[in-house]
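protein.cif follows (mmCIF, C-alpha atoms):
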```
data_my_file
#
loop_
_atom_site.label_atom_id
_atom_site.label_comp_id
_atom_site.auth_asym_id
_atom_site.auth_seq_id
_atom_site.Cartn_x
_atom_site.Cartn_y
_atom_site.Cartn_z
CA ALA A 1 -47.69 -58.74 -228.69
CA ASN A 2 -50.88 -58.55 -226.63
CA TYR A 3 -48.84 -57.61 -223.54
CA LYS A 4 -47.15 -54.76 -225.45
CA ARG A 5 -50.47 -53.45 -226.78
CA GLU A 6 -51.97 -53.50 -223.30
CA ARG A 7 -48.99 -51.61 -221.84
CA GLU A 8 -49.24 -49.05 -224.66
CA ARG A 9 -52.95 -48.51 -223.94
CA GLU A 10 -52.14 -48.01 -220.28
CA ARG A 11 -49.40 -45.50 -221.14
CA LEU A 12 -51.73 -43.51 -223.41
CA ALA A 13 -54.44 -43.54 -220.73
CA ARG A 14 -51.98 -42.16 -218.15
CA GLU A 15 -50.85 -39.42 -220.55
CA ARG A 16 -54.47 -38.50 -221.27
CA LYS A 17 -55.25 -38.22 -217.57
CA GLU A 18 -52.16 -36.08 -217.00
CA LYS A 19 -53.15 -33.81 -219.86
CA GLU A 20 -56.69 -33.46 -218.48
CA LYS A 21 -55.23 -32.64 -215.06
CA GLU A 22 -53.00 -29.95 -216.59
CA ASP A 23 -55.94 -28.48 -218.52
CA ARG A 24 -58.04 -28.34 -215.35
CA GLN A 25 -55.19 -26.64 -213.52
CA THR A 26 -54.84 -24.11 -216.36
CA ASP A 27 -58.57 -23.43 -216.22
CA MET A 28 -58.41 -22.89 -212.45
CA GLU A 29 -55.48 -20.51 -212.88
CA LYS A 30 -57.46 -18.54 -215.47
CA LYS A 31 -60.39 -18.27 -213.06
CA GLU A 32 -58.19 -17.14 -210.20
CA ALA A 33 -56.25 -14.67 -212.34
CA VAL A 34 -59.27 -12.80 -213.68
CA CYS A 35 -58.67 -9.07 -213.74
CA LEU A 36 -61.27 -6.76 -215.25
CA GLU A 37 -59.07 -3.71 -214.96
CA GLY A 38 -59.26 -1.55 -218.09
CA ARG A 39 -60.02 -2.51 -221.67
CA ASP A 40 -57.42 -5.27 -221.95
CA GLY A 41 -58.67 -6.94 -218.77
CA VAL A 42 -62.19 -7.11 -220.19
CA ILE A 43 -60.89 -8.52 -223.48
CA ALA A 44 -58.97 -11.23 -221.62
CA ALA A 45 -61.96 -12.11 -219.44
CA PHE A 46 -64.25 -12.22 -222.47
CA ARG A 47 -61.79 -14.50 -224.25
CA ASN A 48 -61.48 -16.89 -221.30
CA HIS A 49 -65.07 -16.99 -220.08
CA VAL A 50 -67.48 -15.89 -222.84
CA SER A 51 -66.33 -16.33 -226.45
CA PRO A 52 -62.69 -16.97 -227.42
CA TYR A 53 -63.65 -17.00 -231.12
CA LYS A 54 -65.23 -13.57 -231.11
CA SER A 55 -62.29 -12.17 -229.14
CA GLU A 56 -59.79 -13.70 -231.56
CA PHE A 57 -61.69 -12.35 -234.57
CA TYR A 58 -61.68 -8.76 -233.32
CA GLU A 59 -58.06 -8.95 -232.21
CA SER A 60 -57.02 -10.33 -235.61
CA ALA A 61 -58.73 -7.33 -237.22
CA GLY A 62 -56.86 -4.97 -234.89
CA MET A 63 -60.12 -3.88 -233.26
CA LYS A 64 -59.48 -3.79 -229.51
CA PHE A 65 -62.79 -2.19 -228.70
CA VAL A 66 -64.94 -2.74 -225.60
CA MET A 67 -68.30 -0.97 -225.36
CA GLY A 68 -68.46 1.68 -222.70
CA LYS A 69 -71.15 4.31 -222.18
CA ARG A 70 -73.57 5.13 -224.99
CA ASP A 71 -75.54 8.24 -225.79
CA GLY A 72 -77.67 9.17 -228.81
CA PRO A 73 -75.78 8.29 -232.03
CA TYR A 74 -72.48 7.84 -230.18
CA ILE A 75 -70.84 4.84 -228.58
CA PHE A 76 -67.78 5.20 -226.36
CA GLY A 77 -65.16 2.53 -225.83
CA GLU A 78 -63.23 1.68 -222.70
CA ALA A 79 -59.79 3.24 -222.61
CA GLY A 80 -56.63 1.23 -223.17
CA PRO A 81 -53.35 1.82 -221.28
CA GLY A 82 -52.34 5.46 -221.63
CA GLU A 83 -55.22 6.18 -224.03
CA SER A 84 -58.37 8.25 -223.86
CA ALA A 85 -61.74 6.54 -224.37
CA PRO A 86 -62.60 6.39 -228.10
CA LYS A 87 -65.82 8.04 -229.27
CA LEU A 88 -67.50 6.52 -232.33
CA LEU A 89 -70.52 7.45 -234.42
CA ASN A 90 -72.64 4.29 -234.40
CA LEU A 91 -73.59 3.47 -238.00
CA HIS A 92 -74.05 -0.24 -237.38
CA CYS A 93 -76.84 -1.47 -239.67
CA ASN A 94 -76.96 -5.23 -239.08
CA GLY A 95 -77.92 -6.75 -235.71
CA GLY A 96 -78.01 -4.79 -232.48
CA VAL A 97 -79.31 -1.64 -234.16
CA PHE A 98 -80.56 1.37 -232.19
CA ASN A 99 -82.72 3.17 -234.74
CA MET A 100 -83.68 5.88 -232.27
CA GLY A 101 -80.21 6.22 -230.84
CA HIS A 102 -78.79 4.91 -227.58
CA ARG A 103 -80.75 5.68 -224.43
CA TRP A 104 -83.54 7.32 -226.45
CA LYS A 105 -85.05 9.85 -224.05
CA GLU A 106 -88.72 9.37 -224.95
CA GLY A 107 -88.41 5.58 -224.88
CA TRP A 108 -86.59 5.69 -221.56
CA GLU A 109 -89.40 7.78 -220.06
CA VAL A 110 -92.02 5.28 -221.29
CA LEU A 111 -90.14 2.44 -219.61
CA GLN A 112 -89.79 4.39 -216.37
CA ASN A 113 -93.48 5.27 -216.35
CA ALA A 114 -94.43 1.63 -217.01
CA VAL A 115 -92.47 0.52 -213.95
CA GLU A 116 -93.09 3.41 -211.57
CA GLU A 117 -96.62 4.60 -212.44
CA ASP A 118 -98.29 1.59 -214.07
CA HIS A 119 -96.59 -0.88 -211.70
CA LEU A 120 -95.62 -3.23 -214.55
CA ASP A 121 -92.72 -5.64 -214.76
CA ILE A 122 -91.68 -8.47 -217.10
CA GLY A 123 -94.99 -10.22 -216.39
CA ASN A 124 -96.02 -13.86 -216.48
CA HIS A 125 -96.56 -15.36 -219.93
CA HIS A 126 -98.91 -18.00 -218.52
CA LEU A 127 -101.54 -15.38 -217.68
CA LEU A 128 -103.71 -13.01 -219.71
CA SER A 129 -102.32 -9.50 -220.07
CA ARG A 130 -103.87 -6.12 -220.88
CA PRO A 131 -100.72 -4.69 -222.55
CA ARG A 132 -100.35 -7.76 -224.79
CA ALA A 133 -104.04 -7.63 -225.68
CA GLU A 134 -103.82 -3.90 -226.49
CA LEU A 135 -100.73 -4.45 -228.67
CA GLY A 136 -102.44 -7.35 -230.45
CA VAL A 137 -105.39 -5.11 -231.33
CA ARG A 138 -103.14 -2.33 -232.63
CA LEU A 139 -101.07 -4.75 -234.73
CA ALA A 140 -104.24 -6.24 -236.24
CA GLN A 141 -105.42 -2.74 -237.17
CA VAL A 142 -102.24 -1.89 -239.10
CA THR A 143 -101.53 -5.23 -240.80
CA PRO A 144 -102.99 -5.91 -244.25
CA GLY A 145 -105.82 -8.23 -245.22
CA ASP A 146 -107.48 -10.45 -242.66
CA ILE A 147 -104.45 -10.94 -240.42
CA ARG A 148 -105.63 -10.57 -236.85
CA TRP A 149 -103.44 -12.87 -234.74
CA THR A 150 -100.12 -12.05 -233.08
CA ILE A 151 -97.70 -14.52 -231.52
CA TYR A 152 -95.09 -12.80 -229.37
CA GLY A 153 -91.50 -13.99 -229.50
CA VAL A 154 -88.09 -12.88 -228.33
CA SER A 155 -86.03 -13.30 -231.51
CA GLY A 156 -86.11 -13.61 -235.27
CA GLY A 157 -84.88 -17.18 -234.96
CA GLU A 158 -87.83 -18.09 -232.78
CA ALA A 159 -90.22 -16.49 -235.31
CA VAL A 160 -88.69 -18.56 -238.12
CA ASP A 161 -88.95 -21.74 -236.00
CA LEU A 162 -92.65 -21.07 -235.53
CA ALA A 163 -93.22 -20.28 -239.22
CA ILE A 164 -91.61 -23.58 -240.27
CA LYS A 165 -93.65 -25.58 -237.75
CA MET A 166 -96.83 -23.88 -238.93
CA VAL A 167 -96.27 -24.63 -242.64
CA TRP A 168 -95.35 -28.23 -241.84
CA GLY A 169 -98.50 -28.67 -239.79
CA TYR A 170 -100.72 -26.82 -242.27
CA SER A 171 -99.46 -28.39 -245.51
CA GLY A 172 -98.45 -31.89 -244.45
CA ARG A 173 -95.35 -31.38 -246.62
CA ARG A 174 -91.74 -31.17 -245.47
CA LYS A 175 -89.57 -29.52 -248.14
CA ILE A 176 -88.41 -25.97 -247.35
CA ILE A 177 -86.51 -23.97 -249.98
CA VAL A 178 -83.88 -21.56 -248.62
CA ALA A 179 -80.98 -19.55 -250.05
CA HIS A 180 -77.29 -20.38 -249.92
CA GLY A 181 -75.61 -18.16 -247.34
CA ALA A 182 -78.89 -17.29 -245.63
CA TYR A 183 -79.08 -16.38 -241.97
CA HIS A 184 -82.41 -16.86 -240.21
CA GLY A 185 -81.16 -17.40 -236.67
CA ASN A 186 -79.37 -19.92 -234.48
CA THR A 187 -82.35 -21.58 -232.77
CA GLY A 188 -83.56 -25.15 -233.29
CA LEU A 189 -85.02 -25.08 -236.81
CA SER A 190 -83.80 -21.70 -238.02
CA VAL A 191 -80.14 -22.74 -237.75
CA LEU A 192 -80.83 -25.62 -240.17
CA THR A 193 -81.79 -23.08 -242.85
CA GLY A 194 -78.47 -21.25 -242.62
CA ASP A 195 -74.98 -21.50 -244.02
CA SER A 196 -72.90 -24.61 -243.31
CA LYS A 197 -70.49 -22.58 -241.15
CA PHE A 198 -73.27 -22.35 -238.55
CA LEU A 199 -73.89 -26.11 -238.72
CA SER A 200 -70.53 -27.86 -239.02
CA PRO A 201 -69.28 -26.96 -235.49
CA PHE A 202 -72.25 -28.89 -234.09
CA ASN A 203 -72.10 -31.80 -236.57
CA MET A 204 -75.47 -30.74 -238.00
CA ASP A 205 -74.56 -30.73 -241.69
CA GLN A 206 -76.42 -33.97 -242.33
CA ALA A 207 -79.58 -32.78 -240.56
CA THR A 208 -80.62 -30.49 -243.41
CA ASP A 209 -82.08 -32.91 -245.98
CA THR A 210 -85.47 -31.24 -245.60
CA PHE A 211 -84.02 -27.90 -246.65
CA GLN A 212 -83.17 -27.39 -250.34
CA ARG A 213 -80.76 -24.56 -251.10
CA VAL A 214 -80.88 -22.23 -254.09
CA HIS A 215 -78.95 -19.09 -254.99
CA HIS A 216 -80.47 -15.83 -253.80
CA GLY A 217 -81.65 -13.71 -256.74
CA ASN A 218 -81.59 -16.56 -259.29
CA THR A 219 -85.25 -16.51 -260.31
CA GLU A 220 -85.19 -19.48 -262.71
CA GLU A 221 -83.34 -21.72 -260.26
CA ILE A 222 -85.79 -21.10 -257.46
CA LEU A 223 -88.86 -21.42 -259.69
CA ALA A 224 -87.59 -24.81 -260.89
CA ALA A 225 -87.14 -25.95 -257.28
CA ILE A 226 -90.72 -25.10 -256.22
CA ASP A 227 -92.96 -28.13 -256.73
CA LYS A 228 -95.92 -29.96 -255.18
CA ASP A 229 -93.67 -31.34 -252.42
CA THR A 230 -92.70 -27.84 -251.28
CA ALA A 231 -94.13 -26.74 -247.96
CA ALA A 232 -92.64 -23.25 -248.14
CA VAL A 233 -90.03 -20.93 -249.61
CA LEU A 234 -88.13 -19.01 -246.93
CA LEU A 235 -86.25 -15.89 -248.06
CA GLU A 236 -84.74 -12.70 -246.65
CA THR A 237 -85.74 -9.61 -248.61
CA ILE A 238 -82.44 -8.12 -247.44
CA PRO A 239 -79.86 -10.80 -246.50
CA ALA A 240 -78.28 -10.44 -243.06
CA THR A 241 -74.87 -11.93 -243.86
CA LEU A 242 -74.75 -12.31 -247.64
CA GLY A 243 -74.08 -8.72 -248.65
CA MET A 244 -76.25 -6.10 -250.35
CA LEU A 245 -77.79 -8.33 -253.01
CA VAL A 246 -80.66 -6.83 -254.99
CA PRO A 247 -82.74 -9.40 -256.92
CA PRO A 248 -84.60 -8.63 -260.18
CA ALA A 249 -87.73 -6.50 -259.83
CA ASP A 250 -90.01 -9.45 -260.71
CA TYR A 251 -88.23 -11.90 -258.39
CA TYR A 252 -90.70 -11.97 -255.49
CA PRO A 253 -93.89 -11.62 -257.60
CA ARG A 254 -92.87 -14.63 -259.72
CA ILE A 255 -91.98 -16.68 -256.64
CA ARG A 256 -95.30 -15.71 -255.05
CA ALA A 257 -97.19 -16.82 -258.18
CA LYS A 258 -95.37 -20.19 -258.35
CA CYS A 259 -96.02 -20.82 -254.64
CA ASP A 260 -99.72 -20.09 -255.13
CA LYS A 261 -99.82 -22.42 -258.15
CA VAL A 262 -98.47 -25.46 -256.25
CA GLY A 263 -100.00 -24.63 -252.86
CA ALA A 264 -96.73 -23.73 -251.12
CA GLN A 265 -96.33 -20.94 -248.57
CA LEU A 266 -93.97 -17.99 -248.94
CA ILE A 267 -92.21 -16.98 -245.70
CA ILE A 268 -90.51 -13.59 -245.82
CA ASP A 269 -87.88 -12.90 -243.16
CA GLU A 270 -87.73 -9.11 -242.86
CA VAL A 271 -85.64 -8.68 -239.74
CA GLN A 272 -83.14 -6.57 -241.66
CA THR A 273 -85.73 -4.35 -243.34
CA GLY A 274 -87.39 -3.92 -239.96
CA MET A 275 -84.11 -2.53 -238.66
CA GLY A 276 -84.20 0.20 -241.31
CA ARG A 277 -81.28 -1.21 -243.25
CA CYS A 278 -82.89 -0.24 -246.57
CA GLY A 279 -83.54 3.34 -245.43
#
```

Produce structure tokens that represent the structure in this file.
Amino acid sequence: ANYKRERERERLARERKEKEKEDRQTDMEKKEAVCLEGRDGVIAAFRNHVSPYKSEFYESAGMKFVMGKRDGPYIFGEAGPGESAPKLLNLHCNGGVFNMGHRWKEGWEVLQNAVEEDHLDIGNHHLLSRPRAELGVRLAQVTPGDIRWTIYGVSGGEAVDLAIKMVWGYSGRRKIIVAHGAYHGNTGLSVLTGDSKFLSPFNMDQATDTFQRVHHGNTEEILAAIDKDTAAVLLETIPATLGMLVPPADYYPRIRAKCDKVGAQLIIDEVQTGMGRCG
């Protein structure tokens, strides 16, 4: 019996190696066969080398669209076989929004002047910087109350990461209250505040004990969850991926009052409002 089990393990190991060899060969063939000719070539290359899931999603929806040139409110697609390039009016109001239009002339001129006349580039974040200092002063002048500090970041997720670290360090508490179906980013801490579909592919479902979920817009549920162990409540005023949900008019004032009562912080993620999604 032991001899048979050993032979079976050896057989399975050989099959596994053969399968891995075939997969590597298939991958090499995909690399060698890359053709970026036309729209369909880009779709195939994107599927094989960037994101198969995004490609499959768009293809399943019948949307074979690849961004081409852009101008003002319009976005043009790359042409398919025997087709002319589609021209679309860009009304996208979630991520990747161009509030001033594509290739905004005045903004483009500012960038050109910064590079050509002011001799600026991406800079070095280790050093002091006049433009960052000037922007910090202007932001302090237009923000309410005694806010006078600015921390620069590259994404909403990074901003949420920092906010969570700050409330943990400031309060000494750990519990963060978030909404079911929320989306605050895909970075280290922000992804833990989001929907399980962003966590399960990375086996992170069990790493969220610190984050208590409530239903967005349910005032009584969230008020009951806020207690003396709460470090912060983190909410989107306009959800990114949950639909156009409008909470009761007294929702945020009542949450603010309960947070103040127990010494918790209220973190408002306004990436979507900042994009002009509410008009």

Please expand the PyMOL selection byres ((chain A and resi 225) around 12) into the concrete residues it hits in this file, giving the result as a tab-separated table (two decimals) with C-alpha atoms, in the coordinates of the input.
```
chain	number	residue	atom	x	y	z
A	175	LYS	CA	-89.57	-29.52	-248.14
A	176	ILE	CA	-88.41	-25.97	-247.35
A	177	ILE	CA	-86.51	-23.97	-249.98
A	178	VAL	CA	-83.88	-21.56	-248.62
A	179	ALA	CA	-80.98	-19.55	-250.05
A	211	PHE	CA	-84.02	-27.90	-246.65
A	212	GLN	CA	-83.17	-27.39	-250.34
A	213	ARG	CA	-80.76	-24.56	-251.10
A	214	VAL	CA	-80.88	-22.23	-254.09
A	215	HIS	CA	-78.95	-19.09	-254.99
A	218	ASN	CA	-81.59	-16.56	-259.29
A	219	THR	CA	-85.25	-16.51	-260.31
A	220	GLU	CA	-85.19	-19.48	-262.71
A	221	GLU	CA	-83.34	-21.72	-260.26
A	222	ILE	CA	-85.79	-21.10	-257.46
A	223	LEU	CA	-88.86	-21.42	-259.69
A	224	ALA	CA	-87.59	-24.81	-260.89
A	226	ILE	CA	-90.72	-25.10	-256.22
A	227	ASP	CA	-92.96	-28.13	-256.73
A	228	LYS	CA	-95.92	-29.96	-255.18
A	229	ASP	CA	-93.67	-31.34	-252.42
A	230	THR	CA	-92.70	-27.84	-251.28
A	231	ALA	CA	-94.13	-26.74	-247.96
A	232	ALA	CA	-92.64	-23.25	-248.14
A	233	VAL	CA	-90.03	-20.93	-249.61
A	255	ILE	CA	-91.98	-16.68	-256.64
A	258	LYS	CA	-95.37	-20.19	-258.35
A	259	CYS	CA	-96.02	-20.82	-254.64
A	262	VAL	CA	-98.47	-25.46	-256.25
A	264	ALA	CA	-96.73	-23.73	-251.12
```

Expansion of the PyMOL selection byres ((chain A and resi 146-152) around 10) into residues, as a ChimeraX atom specification = /A:125,132-133,135-145,153-155,158-159,162

Between A:Thr241, A:Ser200, A:Asn124, A:Gln265, which one has atoms that come closest to A:Cys93, using all atoms listed in the file?
->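 Checking each of A:Thr241, A:Ser200, A:Asn124, A:Gln265 against A:Cys93, counting all atoms listed in the file, the winner is A:Thr241.
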
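Rounded to one decimal, atom CA of A:Gly95 and atom CA of A:Ala240 lie 8.2 Å from each other.
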
Selection under test: the PyMOL selection byres ((chain A and resi 192) around 12); residues as number ranges by chain = A: 157, 160-161, 164, 176-191, 193-200, 202-213, 234

Would you work out the distance separating atom CA of A:Gly68 from atom CA of A:Asn90, expressed in Å to one decimal?
->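 Going from atom CA of A:Gly68 over to atom CA of A:Asn90 covers 12.7 Å.
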
Step by step: start from the point (-61.5, -0.9, -226.7) in the file's coordinates, keep every protein, DNA or RNA residue that has an atom no farther than 6 Å from it, count all atoms listed in the file, and write the set as a list in words.
->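 Checked against the point, the hits come out as Arg39, Lys64, Phe65, Val66, Gly77 and Glu78 of chain A.
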
Using all atoms listed in the file, pick whichever of A:Pro201, A:Gly169, A:Ala79, A:Pro73 has the shortest atom-to-atom distance to A:Val97.
->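 Distance minimum relative to A:Val97 lands on A:Pro73.
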
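Atom pair atom CA of A:Tyr74 / atom CA of A:Phe46 has a distance of 23.0 Å (rounded to one decimal).
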
Nearest to A:Ile268 by atom-to-atom distance, counting all atoms listed in the file, from A:Pro131, A:Pro81, A:Gly156, A:Gly172 |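 Counting all atoms listed in the file, the residue closest to A:Ile268 is A:Gly156.
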
Residue completion, stretch 107-118 of chain A, all heavy atoms, as a JSON list (two decimals), keeping the file's coordinate frame:
```json
[["chain", "number", "residue", "atom", "x", "y", "z"],
["A", 107, "GLY", "N", -88.23, 7.00, -225.18],
["A", 107, "GLY", "CA", -88.41, 5.58, -224.88],
["A", 107, "GLY", "C", -88.05, 5.26, -223.44],
["A", 107, "GLY", "O", -88.74, 4.46, -222.77],
["A", 108, "TRP", "N", -87.01, 5.89, -222.94],
["A", 108, "TRP", "CA", -86.59, 5.69, -221.56],
["A", 108, "TRP", "C", -87.68, 6.14, -220.60],
["A", 108, "TRP", "O", -87.96, 5.48, -219.60],
["A", 108, "TRP", "CB", -85.29, 6.45, -221.33],
["A", 108, "TRP", "CG", -84.64, 6.18, -220.00],
["A", 108, "TRP", "CD1", -84.52, 7.04, -218.96],
["A", 108, "TRP", "CD2", -84.02, 4.97, -219.58],
["A", 108, "TRP", "NE1", -83.86, 6.46, -217.91],
["A", 108, "TRP", "CE2", -83.54, 5.17, -218.27],
["A", 108, "TRP", "CE3", -83.82, 3.72, -220.17],
["A", 108, "TRP", "CZ2", -82.88, 4.18, -217.55],
["A", 108, "TRP", "CZ3", -83.17, 2.73, -219.46],
["A", 108, "TRP", "CH2", -82.70, 2.97, -218.17],
["A", 109, "GLU", "N", -88.32, 7.27, -220.92],
["A", 109, "GLU", "CA", -89.40, 7.78, -220.06],
["A", 109, "GLU", "C", -90.59, 6.83, -220.06],
["A", 109, "GLU", "O", -91.24, 6.63, -219.02],
["A", 109, "GLU", "CB", -89.81, 9.17, -220.53],
["A", 109, "GLU", "CG", -88.75, 10.24, -220.28],
["A", 109, "GLU", "CD", -89.13, 11.58, -220.88],
["A", 109, "GLU", "OE1", -90.12, 11.62, -221.66],
["A", 109, "GLU", "OE2", -88.42, 12.57, -220.62],
["A", 110, "VAL", "N", -90.91, 6.24, -221.22],
["A", 110, "VAL", "CA", -92.02, 5.28, -221.29],
["A", 110, "VAL", "C", -91.74, 4.08, -220.39],
["A", 110, "VAL", "O", -92.61, 3.61, -219.65],
["A", 110, "VAL", "CB", -92.25, 4.83, -222.75],
["A", 110, "VAL", "CG1", -93.21, 3.64, -222.79],
["A", 110, "VAL", "CG2", -92.81, 5.98, -223.58],
["A", 111, "LEU", "N", -90.50, 3.58, -220.45],
["A", 111, "LEU", "CA", -90.14, 2.44, -219.61],
["A", 111, "LEU", "C", -90.23, 2.79, -218.12],
["A", 111, "LEU", "O", -90.74, 2.00, -217.31],
["A", 111, "LEU", "CB", -88.72, 1.98, -219.95],
["A", 111, "LEU", "CG", -88.52, 1.29, -221.30],
["A", 111, "LEU", "CD1", -87.05, 1.01, -221.54],
["A", 111, "LEU", "CD2", -89.32, 0.00, -221.38],
["A", 112, "GLN", "N", -89.73, 3.97, -217.77],
["A", 112, "GLN", "CA", -89.79, 4.39, -216.37],
["A", 112, "GLN", "C", -91.23, 4.52, -215.89],
["A", 112, "GLN", "O", -91.57, 4.09, -214.79],
["A", 112, "GLN", "CB", -89.06, 5.72, -216.20],
["A", 112, "GLN", "CG", -87.54, 5.60, -216.26],
["A", 112, "GLN", "CD", -86.86, 6.93, -216.06],
["A", 112, "GLN", "OE1", -87.18, 7.91, -216.73],
["A", 112, "GLN", "NE2", -85.91, 6.98, -215.14],
["A", 113, "ASN", "N", -92.08, 5.12, -216.73],
["A", 113, "ASN", "CA", -93.48, 5.27, -216.35],
["A", 113, "ASN", "C", -94.17, 3.91, -216.19],
["A", 113, "ASN", "O", -95.01, 3.73, -215.30],
["A", 113, "ASN", "CB", -94.22, 6.10, -217.39],
["A", 113, "ASN", "CG", -93.80, 7.57, -217.36],
["A", 113, "ASN", "OD1", -93.30, 8.05, -216.34],
["A", 113, "ASN", "ND2", -93.99, 8.27, -218.46],
["A", 114, "ALA", "N", -93.81, 2.95, -217.08],
["A", 114, "ALA", "CA", -94.43, 1.63, -217.01],
["A", 114, "ALA", "C", -94.11, 0.96, -215.68],
["A", 114, "ALA", "O", -94.96, 0.29, -215.07],
["A", 114, "ALA", "CB", -93.95, 0.76, -218.17],
["A", 115, "VAL", "N", -92.88, 1.16, -215.20],
["A", 115, "VAL", "CA", -92.47, 0.52, -213.95],
["A", 115, "VAL", "C", -92.97, 1.29, -212.74],
["A", 115, "VAL", "O", -93.51, 0.71, -211.79],
["A", 115, "VAL", "CB", -90.93, 0.39, -213.90],
["A", 115, "VAL", "CG1", -90.46, -0.11, -212.54],
["A", 115, "VAL", "CG2", -90.43, -0.54, -215.01],
["A", 116, "GLU", "N", -92.82, 2.62, -212.76],
["A", 116, "GLU", "CA", -93.09, 3.41, -211.57],
["A", 116, "GLU", "C", -94.56, 3.79, -211.42],
["A", 116, "GLU", "O", -95.10, 3.78, -210.31],
["A", 116, "GLU", "CB", -92.23, 4.68, -211.61],
["A", 116, "GLU", "CG", -90.73, 4.39, -211.53],
["A", 116, "GLU", "CD", -89.90, 5.63, -211.76],
["A", 116, "GLU", "OE1", -90.50, 6.71, -211.94],
["A", 116, "GLU", "OE2", -88.66, 5.53, -211.76],
["A", 117, "GLU", "N", -95.24, 4.12, -212.53],
["A", 117, "GLU", "CA", -96.62, 4.60, -212.44],
["A", 117, "GLU", "C", -97.65, 3.50, -212.72],
["A", 117, "GLU", "O", -98.69, 3.42, -212.07],
["A", 117, "GLU", "CB", -96.83, 5.78, -213.39],
["A", 117, "GLU", "CG", -95.96, 6.99, -213.05],
["A", 117, "GLU", "CD", -96.21, 8.16, -213.98],
["A", 117, "GLU", "OE1", -97.23, 8.13, -214.71],
["A", 117, "GLU", "OE2", -95.39, 9.09, -214.00],
["A", 118, "ASP", "N", -97.35, 2.65, -213.72],
["A", 118, "ASP", "CA", -98.29, 1.59, -214.07],
["A", 118, "ASP", "C", -98.03, 0.30, -213.29],
["A", 118, "ASP", "O", -98.80, -0.65, -213.40],
["A", 118, "ASP", "CB", -98.23, 1.30, -215.57],
["A", 118, "ASP", "CG", -98.62, 2.51, -216.39],
["A", 118, "ASP", "OD1", -99.39, 3.34, -215.89],
["A", 118, "ASP", "OD2", -98.16, 2.64, -217.54]]
```
